[in-house]
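Q: Structure file target-v8.pdb (PDB, C-alpha atoms and all ligand atoms) is given on the next line.
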```
ATOM      1  CA  MET A   1      -7.564 -15.002  12.840
ATOM      2  CA  ASN A   2      -9.756 -13.818  15.702
ATOM      3  CA  TYR A   3      -8.970 -10.106  16.004
ATOM      4  CA  LYS A   4      -9.470 -10.241  19.776
ATOM      5  CA  LYS A   5      -6.397 -12.444  20.042
ATOM      6  CA  THR A   6      -4.096 -10.004  18.252
ATOM      7  CA  LEU A   7      -1.408  -8.088  20.115
ATOM      8  CA  THR A   8      -2.583  -4.789  18.666
ATOM      9  CA  PHE A   9      -6.166  -5.351  19.836
ATOM     10  CA  LYS A  10      -4.904  -6.105  23.343
ATOM     11  CA  ALA A  11      -2.825  -2.912  23.211
ATOM     12  CA  PHE A  12      -5.902  -1.015  21.934
ATOM     13  CA  LYS A  13      -8.053  -2.296  24.816
ATOM     14  CA  LYS A  14      -5.372  -1.307  27.336
ATOM     15  CA  SER A  15      -5.206   2.295  26.074
ATOM     16  CA  LYS A  16      -6.498   4.828  28.575
ATOM     17  CA  TYR A  17      -7.910   7.215  25.941
ATOM     18  CA  PHE A  18     -10.599   6.828  23.297
ATOM     19  CA  SER A  19      -9.806   5.378  19.867
ATOM     20  CA  LEU A  20     -11.969   3.954  17.085
ATOM     21  CA  LYS A  21     -10.684   1.264  14.724
ATOM     22  CA  TYR A  22     -12.291  -1.418  12.542
ATOM     23  CA  PHE A  23     -11.900  -5.025  13.630
ATOM     24  CA  ASN A  24     -10.241  -6.107  10.369
ATOM     25  CA  TYR A  25      -7.375  -3.668  11.045
ATOM     26  CA  PHE A  26      -5.924  -5.628  13.977
ATOM     27  CA  PRO A  27      -4.758  -8.796  12.151
ATOM     28  CA  ILE A  28      -3.294  -6.514   9.454
ATOM     29  CA  TYR A  29      -1.418  -4.461  12.059
ATOM     30  CA  ASP A  30      -0.083  -7.613  13.724
ATOM     31  CA  SER A  31       1.122  -9.132  10.460
ATOM     32  CA  LEU A  32       2.878  -5.923   9.356
ATOM     33  CA  LEU A  33       4.172  -4.480  12.589
ATOM     34  CA  THR A  34       5.148  -7.285  14.958
ATOM     35  CA  ARG A  35       8.707  -7.318  13.567
ATOM     36  CA  PHE A  36       9.184  -3.743  14.832
ATOM     37  CA  ARG A  37       8.273  -4.497  18.473
ATOM     38  CA  ASN A  38      10.796  -3.737  21.206
ATOM     39  CA  LYS A  39      13.097  -2.028  18.696
ATOM     40  CA  LYS A  40      14.434   1.498  18.617
ATOM     41  CA  ILE A  41      12.141   2.664  15.828
ATOM     42  CA  ILE A  42      10.506   5.935  14.872
ATOM     43  CA  PHE A  43       6.765   5.521  14.448
ATOM     44  CA  VAL A  44       4.701   8.415  13.114
ATOM     45  CA  GLU A  45       0.940   8.550  13.384
ATOM     46  CA  ILE A  46      -0.971  11.200  11.464
ATOM     47  CA  GLY A  47      -4.279  11.827  13.227
ATOM     48  CA  VAL A  48      -4.303  11.791  17.024
ATOM     49  CA  PHE A  49      -7.904  12.791  17.771
ATOM     50  CA  SER A  50      -8.513  11.718  21.371
ATOM     51  CA  GLY A  51      -5.066  10.192  21.865
ATOM     52  CA  GLY A  52      -6.170   6.562  22.268
ATOM     53  CA  SER A  53      -4.057   5.195  19.442
ATOM     54  CA  LEU A  54      -0.876   6.874  20.736
ATOM     55  CA  PHE A  55      -1.172   4.770  23.898
ATOM     56  CA  MET A  56      -2.110   1.713  21.890
ATOM     57  CA  TRP A  57       1.093   2.033  19.832
ATOM     58  CA  ARG A  58       3.180   2.633  22.942
ATOM     59  CA  ASN A  59       1.673  -0.521  24.507
ATOM     60  CA  PHE A  60       2.351  -2.491  21.347
ATOM     61  CA  PHE A  61       5.839  -1.319  20.324
ATOM     62  CA  GLY A  62       7.313  -0.957  23.800
ATOM     63  CA  LYS A  63       9.378   1.758  25.439
ATOM     64  CA  LYS A  64      12.254   1.835  22.947
ATOM     65  CA  ALA A  65      10.034   3.194  20.153
ATOM     66  CA  LYS A  66       9.748   6.926  19.584
ATOM     67  CA  ILE A  67       6.051   7.600  18.999
ATOM     68  CA  ILE A  68       5.234  10.825  17.141
ATOM     69  CA  GLY A  69       1.696  12.126  16.788
ATOM     70  CA  ILE A  70       0.690  14.717  14.176
ATOM     71  CA  ASP A  71      -2.612  16.574  14.039
ATOM     72  CA  LEU A  72      -4.089  19.911  13.030
ATOM     73  CA  ASN A  73      -5.706  20.228  16.440
ATOM     74  CA  PRO A  74      -3.381  22.124  18.824
ATOM     75  CA  ASP A  75      -5.151  20.605  21.818
ATOM     76  CA  ILE A  76      -3.287  17.341  21.310
ATOM     77  CA  LYS A  77      -0.164  18.997  22.770
ATOM     78  CA  ARG A  78      -1.603  17.725  26.068
ATOM     79  CA  PHE A  79      -0.181  14.279  25.235
ATOM     80  CA  GLU A  80       3.419  15.517  25.289
ATOM     81  CA  LYS A  81       3.528  15.015  29.025
ATOM     82  CA  TYR A  82       3.188  11.255  28.481
ATOM     83  CA  GLY A  83       6.430  11.166  26.496
ATOM     84  CA  PHE A  84       5.001  11.379  22.977
ATOM     85  CA  ASP A  85       6.452  13.820  20.440
ATOM     86  CA  ILE A  86       3.534  15.930  19.259
ATOM     87  CA  LEU A  87       3.560  18.112  16.164
ATOM     88  CA  ILE A  88       0.809  20.407  14.997
ATOM     89  CA  GLY A  89       0.624  20.614  11.238
ATOM     90  CA  ASP A  90      -1.180  19.818   8.023
ATOM     91  CA  GLN A  91      -0.350  16.463   6.446
ATOM     92  CA  SER A  92      -1.061  17.830   2.969
ATOM     93  CA  ARG A  93       1.642  20.520   3.182
ATOM     94  CA  GLU A  94       5.081  19.841   1.805
ATOM     95  CA  ASP A  95       6.641  22.578   3.922
ATOM     96  CA  PHE A  96       5.353  20.846   7.057
ATOM     97  CA  TRP A  97       6.969  17.561   6.002
ATOM     98  CA  ASN A  98      10.227  19.237   4.950
ATOM     99  CA  LYS A  99      10.595  20.677   8.447
ATOM    100  CA  PHE A 100       9.487  17.407  10.011
ATOM    101  CA  PHE A 101      12.067  15.229   8.241
ATOM    102  CA  LYS A 102      14.783  17.829   8.760
ATOM    103  CA  LYS A 103      14.145  17.420  12.474
ATOM    104  CA  TYR A 104      13.730  13.622  12.679
ATOM    105  CA  GLY A 105      15.573  12.249   9.644
ATOM    106  CA  LYS A 106      14.318   9.032   8.047
ATOM    107  CA  VAL A 107      11.624   7.150   9.972
ATOM    108  CA  ASP A 108      10.565   3.492  10.138
ATOM    109  CA  ILE A 109       6.783   3.642   9.984
ATOM    110  CA  VAL A 110       4.225   6.253   8.977
ATOM    111  CA  LEU A 111       0.579   5.498   9.673
ATOM    112  CA  ASP A 112      -1.840   7.859   7.977
ATOM    113  CA  ASP A 113      -5.055   8.065  10.000
ATOM    114  CA  GLY A 114      -5.540  11.772   9.376
ATOM    115  CA  GLY A 115      -8.161  13.552   7.313
ATOM    116  CA  HIS A 116      -8.523  10.772   4.681
ATOM    117  CA  THR A 117      -9.240  13.028   1.697
ATOM    118  CA  ASN A 118      -7.658  12.047  -1.633
ATOM    119  CA  TYR A 119      -5.506  15.162  -1.550
ATOM    120  CA  GLN A 120      -4.250  14.555   1.994
ATOM    121  CA  GLN A 121      -3.537  10.871   1.405
ATOM    122  CA  ILE A 122      -1.717  11.424  -1.905
ATOM    123  CA  LYS A 123       0.348  14.380  -0.675
ATOM    124  CA  THR A 124       1.332  12.331   2.382
ATOM    125  CA  VAL A 125       2.465   9.431   0.190
ATOM    126  CA  ASN A 126       4.581  11.785  -1.929
ATOM    127  CA  SER A 127       6.164  13.600   1.007
ATOM    128  CA  CYS A 128       6.767  10.634   3.306
ATOM    129  CA  ILE A 129       7.880   7.766   1.058
ATOM    130  CA  PRO A 130      11.334   9.215   0.204
ATOM    131  CA  ASN A 131      11.849   9.718   3.951
ATOM    132  CA  ILE A 132      11.107   6.172   5.103
ATOM    133  CA  LYS A 133      14.003   3.817   5.816
ATOM    134  CA  ASP A 134      14.579   0.650   3.801
ATOM    135  CA  GLY A 135      12.479  -2.088   5.378
ATOM    136  CA  GLY A 136      10.039   0.548   6.621
ATOM    137  CA  ILE A 137       6.410   1.044   5.661
ATOM    138  CA  LEU A 138       3.704   3.587   5.061
ATOM    139  CA  ILE A 139       0.207   2.490   6.017
ATOM    140  CA  THR A 140      -2.687   4.506   4.645
ATOM    141  CA  GLU A 141      -5.889   3.809   6.541
ATOM    142  CA  ASP A 142      -9.541   4.267   5.639
ATOM    143  CA  ILE A 143      -8.923   4.200   1.917
ATOM    144  CA  HIS A 144     -12.640   3.417   1.459
ATOM    145  CA  THR A 145     -12.929   7.211   1.280
ATOM    146  CA  SER A 146     -11.863   6.869  -2.368
ATOM    147  CA  TYR A 147     -15.341   5.430  -2.993
ATOM    148  CA  ILE A 148     -17.425   7.726  -0.771
ATOM    149  CA  LYS A 149     -19.216  10.807  -2.000
ATOM    150  CA  ASP A 150     -20.043  13.319   0.701
ATOM    151  CA  LYS A 151     -18.987  16.778   1.778
ATOM    152  CA  TRP A 152     -15.365  15.717   2.356
ATOM    153  CA  TYR A 153     -14.737  12.882  -0.054
ATOM    154  CA  ASN A 154     -15.167  12.554  -3.769
ATOM    155  CA  PRO A 155     -14.625   9.455  -5.912
ATOM    156  CA  SER A 156     -12.800  10.597  -9.029
ATOM    157  CA  LYS A 157     -10.099   9.782 -11.521
ATOM    158  CA  TYR A 158      -7.766  11.470  -9.030
ATOM    159  CA  SER A 159      -8.713   9.348  -6.018
ATOM    160  CA  PHE A 160      -6.143   7.812  -3.700
ATOM    161  CA  ILE A 161      -7.033   4.303  -4.922
ATOM    162  CA  ASN A 162      -6.455   5.337  -8.535
ATOM    163  CA  TYR A 163      -3.115   6.807  -7.534
ATOM    164  CA  THR A 164      -2.096   3.467  -5.969
ATOM    165  CA  LYS A 165      -3.100   1.727  -9.223
ATOM    166  CA  LYS A 166      -0.801   4.120 -11.076
ATOM    167  CA  LEU A 167       2.003   3.335  -8.602
ATOM    168  CA  ILE A 168       1.450  -0.389  -9.252
ATOM    169  CA  ASP A 169       1.926   0.321 -12.972
ATOM    170  CA  ASP A 170       5.152   2.120 -12.078
ATOM    171  CA  ILE A 171       6.427  -0.883 -10.096
ATOM    172  CA  ASN A 172       5.756  -3.140 -13.078
ATOM    173  CA  SER A 173       7.703  -0.814 -15.359
ATOM    174  CA  ARG A 174      10.805  -2.249 -13.677
ATOM    175  CA  TYR A 175      10.412  -5.394 -15.770
ATOM    176  CA  PRO A 176      13.396  -5.269 -18.151
ATOM    177  CA  GLY A 177      11.335  -6.125 -21.257
ATOM    178  CA  LEU A 178       9.254  -2.972 -20.900
ATOM    179  CA  LYS A 179      10.342   0.473 -21.889
ATOM    180  CA  LYS A 180      12.453   1.824 -19.063
ATOM    181  CA  GLN A 181      10.551   4.432 -17.147
ATOM    182  CA  ASN A 182      11.546   6.657 -14.326
ATOM    183  CA  PHE A 183       8.858   7.710 -11.868
ATOM    184  CA  SER A 184       9.954   9.578  -8.828
ATOM    185  CA  LEU A 185       8.535   7.195  -6.185
ATOM    186  CA  ASN A 186       9.455   4.058  -8.111
ATOM    187  CA  LYS A 187      12.945   3.940  -6.682
ATOM    188  CA  TYR A 188      11.560   3.618  -3.126
ATOM    189  CA  ILE A 189       8.418   1.467  -3.356
ATOM    190  CA  TYR A 190       9.304  -2.201  -3.402
ATOM    191  CA  SER A 191       5.716  -3.430  -3.163
ATOM    192  CA  ILE A 192       2.170  -2.348  -2.428
ATOM    193  CA  TYR A 193      -0.286  -4.432  -0.410
ATOM    194  CA  ASN A 194      -3.961  -3.752  -0.543
ATOM    195  CA  PHE A 195      -6.387  -4.820   2.159
ATOM    196  CA  GLU A 196      -9.987  -3.767   2.617
ATOM    197  CA  SER A 197      -9.671  -0.111   3.688
ATOM    198  CA  ILE A 198      -5.877  -0.227   4.092
ATOM    199  CA  THR A 199      -3.039   0.218   1.592
ATOM    200  CA  VAL A 200       0.552  -0.509   2.561
ATOM    201  CA  PHE A 201       3.692   0.717   0.814
ATOM    202  CA  ASN A 202       6.799  -1.358   1.520
ATOM    203  CA  ILE A 203       9.936   0.708   1.121
ATOM    204  CA  ASP A 204      13.217  -0.758  -0.055
ATOM    205  CA  ARG A 205      15.534   1.125  -2.385
ATOM    206  CA  LYS A 206      17.805  -1.841  -3.166
ATOM    207  CA  LEU A 207      14.915  -4.122  -4.050
ATOM    208  CA  SER A 208      13.275  -1.415  -6.161
ATOM    209  CA  LYS A 209      15.954  -1.352  -8.859
ATOM    210  CA  MET A 210      15.187  -2.265 -12.503
ATOM    211  CA  ASN A 211      14.742  -6.025 -12.707
ATOM    212  CA  LYS A 212      17.160  -8.249 -14.631
ATOM    213  CA  GLU A 213      16.932 -11.751 -16.112
ATOM    214  CA  VAL A 214      19.001 -14.429 -14.351
ATOM    215  CA  ARG A 215      19.801 -17.826 -15.949
ATOM    216  CA  ASN A 216      21.314 -20.841 -14.213
ATOM    217  CA  ASN A 217      23.147 -21.887 -17.433
ATOM    218  CA  LYS A 218      22.309 -25.568 -16.956
ATOM    219  CA  LEU A 219      21.381 -28.140 -19.580
ATOM    220  CA  SER A 220      18.347 -27.156 -21.665
ATOM    221  CA  ILE A 221      16.206 -29.700 -23.532
ATOM    222  CA  ASN A 222      15.215 -26.784 -25.833
ATOM    223  CA  PRO A 223      11.487 -27.300 -25.249
ATOM    224  CA  LYS A 224       8.971 -25.901 -27.728
ATOM    225  CA  GLU A 225       6.897 -23.027 -26.353
ATOM    226  CA  PHE A 226       3.258 -24.218 -26.463
ATOM    227  CA  ARG A 227       1.681 -20.899 -25.542
ATOM    228  CA  ALA A 228       0.209 -20.261 -28.977
ATOM    229  CA  SER A 229      -0.628 -23.901 -29.725
ATOM    230  CA  LEU A 230      -4.167 -25.220 -29.909
ATOM    231  CA  SER A 231      -5.299 -27.956 -27.566
ATOM    232  CA  GLU A 232      -6.619 -31.003 -29.395
ATOM    233  CA  ASP A 233     -10.127 -30.732 -27.973
ATOM    234  CA  SER A 234     -10.560 -27.110 -29.071
ATOM    235  CA  PHE A 235     -12.886 -25.946 -31.839
ATOM    236  CA  PHE A 236     -10.084 -24.192 -33.733
ATOM    237  CA  TYR A 237      -7.899 -27.300 -33.643
ATOM    238  CA  LYS A 238     -10.699 -29.235 -35.359
ATOM    239  CA  ILE A 239     -11.008 -26.524 -38.023
ATOM    240  CA  LYS A 240      -7.251 -26.497 -38.477
ATOM    241  CA  LYS A 241      -7.279 -30.269 -38.995
ATOM    242  CA  PHE A 242     -10.283 -30.203 -41.289
ATOM    243  CA  PHE A 243      -8.747 -27.598 -43.596
ATOM    244  CA  ASN A 244      -5.283 -29.002 -43.049
ATOM    245  CA  THR A 245      -3.926 -25.497 -42.470
ATOM    246  CA  LYS A 246      -0.867 -24.339 -40.541
ATOM    247  CA  THR A 247      -2.511 -21.305 -39.013
ATOM    248  CA  ASN A 248      -3.150 -21.234 -35.254
ATOM    249  CA  PHE A 249      -5.839 -18.500 -35.492
ATOM    250  CA  THR A 250      -3.832 -16.640 -32.866
ATOM    251  CA  TYR A 251      -5.203 -13.155 -33.522
ATOM    252  CA  LEU A 252      -8.797 -14.333 -33.825
ATOM    253  CA  ILE A 253      -8.506 -16.261 -30.537
ATOM    254  CA  PHE A 254      -6.983 -13.188 -28.887
ATOM    255  CA  LEU A 255     -10.012 -11.126 -29.974
ATOM    256  CA  ILE A 256     -12.516 -13.740 -28.802
ATOM    257  CA  ASN A 257     -10.758 -14.101 -25.444
ATOM    258  CA  SER A 258     -10.638 -10.337 -24.948
ATOM    259  CA  PHE A 259     -14.376 -10.261 -25.536
ATOM    260  CA  LYS A 260     -14.872 -13.084 -23.002
ATOM    261  CA  LEU A 261     -12.762 -11.214 -20.454
ATOM    262  CA  MET A 262     -14.921  -8.085 -20.648
ATOM    263  CA  LYS A 263     -17.380  -9.463 -18.108
ATOM    264  CA  PHE A 264     -14.665  -9.678 -15.433
ATOM    265  CA  PHE A 265     -14.095  -5.937 -15.664
ATOM    266  CA  LYS A 266     -17.702  -4.908 -15.009
TER     267      LYS A 266
HETATM  268  C1  LIG B 301      -9.667   9.461  12.496
HETATM  269  S1  LIG B 301      -9.028  10.678  13.582
HETATM  270  C2  LIG B 301      -7.603   9.900  14.257
HETATM  271  C3  LIG B 301      -7.937   8.781  15.175
HETATM  272  C4  LIG B 301      -6.785   8.192  15.940
HETATM  273  N1  LIG B 301      -5.673   7.841  15.096
HETATM  274  C5  LIG B 301      -7.269   6.957  16.643
HETATM  275  O1  LIG B 301      -7.088   5.845  16.112
HETATM  276  O2  LIG B 301      -7.840   7.093  17.724
HETATM  277  C6  LIG B 301      -8.432  11.831  12.442
HETATM  278  C7  LIG B 301      -7.614  12.993  13.006
HETATM  279  O3  LIG B 301      -6.920  13.586  11.915
HETATM  280  C8  LIG B 301      -6.827  14.965  12.117
HETATM  281  N2  LIG B 301      -6.639  15.630  10.817
HETATM  282  C9  LIG B 301      -7.578  15.913   9.871
HETATM  283  N3  LIG B 301      -7.027  16.519   8.817
HETATM  284  C10 LIG B 301      -5.700  16.626   9.074
HETATM  285  C11 LIG B 301      -4.593  17.169   8.357
HETATM  286  N4  LIG B 301      -4.762  17.737   7.152
HETATM  287  N5  LIG B 301      -3.373  17.111   8.919
HETATM  288  C12 LIG B 301      -3.201  16.557  10.146
HETATM  289  N6  LIG B 301      -4.215  16.015  10.864
HETATM  290  C13 LIG B 301      -5.446  16.059  10.354
HETATM  291  C14 LIG B 301      -8.139  15.332  12.797
HETATM  292  O4  LIG B 301      -7.993  16.534  13.550
HETATM  293  C15 LIG B 301      -8.401  14.099  13.673
HETATM  294  O5  LIG B 301      -7.957  14.310  14.979
END
```
As a first step, turn the structure in this file into structure tokens.
A:
Amino acid sequence: MNYKKTLTFKAFKKSKYFSLKYFNYFPIYDSLLTRFRNKKIIFVEIGVFSGGSLFMWRNFFGKKAKIIGIDLNPDIKRFEKYGFDILIGDQSREDFWNKFFKKYGKVDIVLDDGGHTNYQQIKTVNSCIPNIKDGGILITEDIHTSYIKDKWYNPSKYSFINYTKKLIDDINSRYPGLKKQNFSLNKYIYSIYNFESITVFNIDRKLSKMNKEVRNNKLSINPKEFRASLSEDSFFYKIKKFFNTKTNFTYLIFLINSFKLMKFFK
């Protein structure tokens, strides 16, 4: 999709104040956010900077949306006169978010374009996710900072991207065959999308319950499971035939395949 044709890019171009985005963000925004247009939603943007994105979101979502901007810089209060709700605070502080959600209740969308450090991004995920409505989303932007080493950012075991990988493990713990586990955010996060530089958390409490097997109880032909069988053109099948043995060499094949897979993880 040509980003220049997206609704969000058009809204971005129409904004009267400066904003900087990356071109790959616009098709992502359109695909995730179009369903919220012209609705009475609460949209929260962390990181206002020069105000350009506040106007972009107003242009895109329409007048019914409440647009809230959060920043550490008190100067952004100047945008209140345009009808935006502006809050000065630190996205990494739980007490800030407690007060925020006490005031606004659950919100539809949080877009994190704030300071982008691992600590800020992770604390924002933890504070905001329980306060997003079902069907709502949290978008964390500029997650490439997980890979950058400079005075602000630091790739580490405790990076934002590694935290999202942990949250993906948590989602998969809902499979009924695995040991039941209970992580605090797991009851809210239905799915996680990852794009280049953007991670999206889709919130839905009902869809985030432990999974359960469902059978249609129709006629079964009782098929044999071929997963551990050897195909006739394989080396081990020929050995099996030659020695006329019953073994499928399952464990040995597992070891060989694990070794072959190593190169994909480099
Ligand atoms: C990338 S800019 C935002 C750009 C804006 N969203 C746009 O698209 O035009 C990041 C902003 O986050 C603010 N910021 C940095 N750390 C923050 C924190 N801990 N809490 C809240 N805002 C923060 C900065 O003051 C800055 O204005």
Q: Give the residues close to ligand LIG 301 (chain B), within 7 Å, counting all atoms listed in the file; write them as a PDB file with C-alpha atoms, in the frame of the given file.
A:
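Result file result-v1.pdb:
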```pdb
ATOM      1  CA  PHE A  18     -10.599   6.828  23.297  1.00  0.00           C
ATOM      2  CA  SER A  19      -9.806   5.378  19.867  1.00  0.00           C
ATOM      3  CA  LEU A  20     -11.969   3.954  17.085  1.00  0.00           C
ATOM      4  CA  LYS A  21     -10.684   1.264  14.724  1.00  0.00           C
ATOM      5  CA  GLU A  45       0.940   8.550  13.384  1.00  0.00           C
ATOM      6  CA  ILE A  46      -0.971  11.200  11.464  1.00  0.00           C
ATOM      7  CA  GLY A  47      -4.279  11.827  13.227  1.00  0.00           C
ATOM      8  CA  VAL A  48      -4.303  11.791  17.024  1.00  0.00           C
ATOM      9  CA  PHE A  49      -7.904  12.791  17.771  1.00  0.00           C
ATOM     10  CA  SER A  50      -8.513  11.718  21.371  1.00  0.00           C
ATOM     11  CA  GLY A  51      -5.066  10.192  21.865  1.00  0.00           C
ATOM     12  CA  GLY A  52      -6.170   6.562  22.268  1.00  0.00           C
ATOM     13  CA  SER A  53      -4.057   5.195  19.442  1.00  0.00           C
ATOM     14  CA  ILE A  70       0.690  14.717  14.176  1.00  0.00           C
ATOM     15  CA  ASP A  71      -2.612  16.574  14.039  1.00  0.00           C
ATOM     16  CA  LEU A  72      -4.089  19.911  13.030  1.00  0.00           C
ATOM     17  CA  ASN A  73      -5.706  20.228  16.440  1.00  0.00           C
ATOM     18  CA  GLY A  89       0.624  20.614  11.238  1.00  0.00           C
ATOM     19  CA  ASP A  90      -1.180  19.818   8.023  1.00  0.00           C
ATOM     20  CA  GLN A  91      -0.350  16.463   6.446  1.00  0.00           C
ATOM     21  CA  SER A  92      -1.061  17.830   2.969  1.00  0.00           C
ATOM     22  CA  ASP A 113      -5.055   8.065  10.000  1.00  0.00           C
ATOM     23  CA  GLY A 114      -5.540  11.772   9.376  1.00  0.00           C
ATOM     24  CA  GLY A 115      -8.161  13.552   7.313  1.00  0.00           C
ATOM     25  CA  GLN A 120      -4.250  14.555   1.994  1.00  0.00           C
TER      26      GLN A 120
END
```
Q: Determine the nearest neighbour of Val125 (chain A) from the options A:Lys102, A:Ser146, A:Phe201, A:Lys63, counting all atoms listed in the file.
A: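 Going through A:Lys102, A:Ser146, A:Phe201, A:Lys63 one by one, the smallest distance to Val125 (chain A) is for A:Phe201.
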Q: Do you have the CA of Thr199 (chain A)-CA of Asp150 (chain A) distance handy?
A: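 Result for CA of Thr199 (chain A) versus CA of Asp150 (chain A): 21.5 Å, one decimal.
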Q: Could you tell me how far CA of Glu196 (chain A) sits from CA of Phe264 (chain A), in Å to one decimal place?
A: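 Separating CA of Phe264 (chain A) from CA of Glu196 (chain A) is a distance of 19.6 Å.
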Q: Excluding Asn118 (chain A) and any residue of its chain fewer than 6 positions from it, enumerate the residues within 10 Å of it, using only C-alpha atoms, and give them as an mmCIF file with C-alpha atoms, in the frame of the given file.
A:
```cif
data_model
loop_
_atom_site.group_PDB
_atom_site.id
_atom_site.type_symbol
_atom_site.label_atom_id
_atom_site.label_comp_id
_atom_site.auth_asym_id
_atom_site.auth_seq_id
_atom_site.Cartn_x
_atom_site.Cartn_y
_atom_site.Cartn_z
ATOM 1 C CA SER A 92 -1.061 17.830 2.969
ATOM 2 C CA THR A 124 1.332 12.331 2.382
ATOM 3 C CA ILE A 143 -8.923 4.200 1.917
ATOM 4 C CA THR A 145 -12.929 7.211 1.280
ATOM 5 C CA SER A 146 -11.863 6.869 -2.368
ATOM 6 C CA TRP A 152 -15.365 15.717 2.356
ATOM 7 C CA TYR A 153 -14.737 12.882 -0.054
ATOM 8 C CA ASN A 154 -15.167 12.554 -3.769
ATOM 9 C CA PRO A 155 -14.625 9.455 -5.912
ATOM 10 C CA SER A 156 -12.800 10.597 -9.029
ATOM 11 C CA TYR A 158 -7.766 11.470 -9.030
ATOM 12 C CA SER A 159 -8.713 9.348 -6.018
ATOM 13 C CA PHE A 160 -6.143 7.812 -3.700
ATOM 14 C CA ILE A 161 -7.033 4.303 -4.922
ATOM 15 C CA ASN A 162 -6.455 5.337 -8.535
ATOM 16 C CA TYR A 163 -3.115 6.807 -7.534
#
```
Q: Could you state which residues are captured by the PyMOL selection byres (((chain A and resi 142) around 7) and not hetatm) in this file, as number ranges by chain?
A: A: 116, 140-141, 143-145, 197-198
Q: Just to confirm, what's the straight-line distance from CA of Ile132 (chain A) to CA of Pro176 (chain A) in Å (one decimal)?
A: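 Taking CA of Ile132 (chain A) as the start and CA of Pro176 (chain A) as the end point, the length is 26.0 Å.
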Q: Which residues come within 6 Å of Lys133 (chain A), counting all atoms listed in the file, excluding same-chain residues fewer than 5 positions away, as a VMD selection string?
A: chain A and resid 106 to 108
Q: If you count all atoms listed in the file, which residues fall within 10 Å of Asp204 (chain A), apart from same-chain ones fewer than 4 positions away, as an MDAnalysis selection string?
A: chainID A and resid 132:137 187:191 208:209
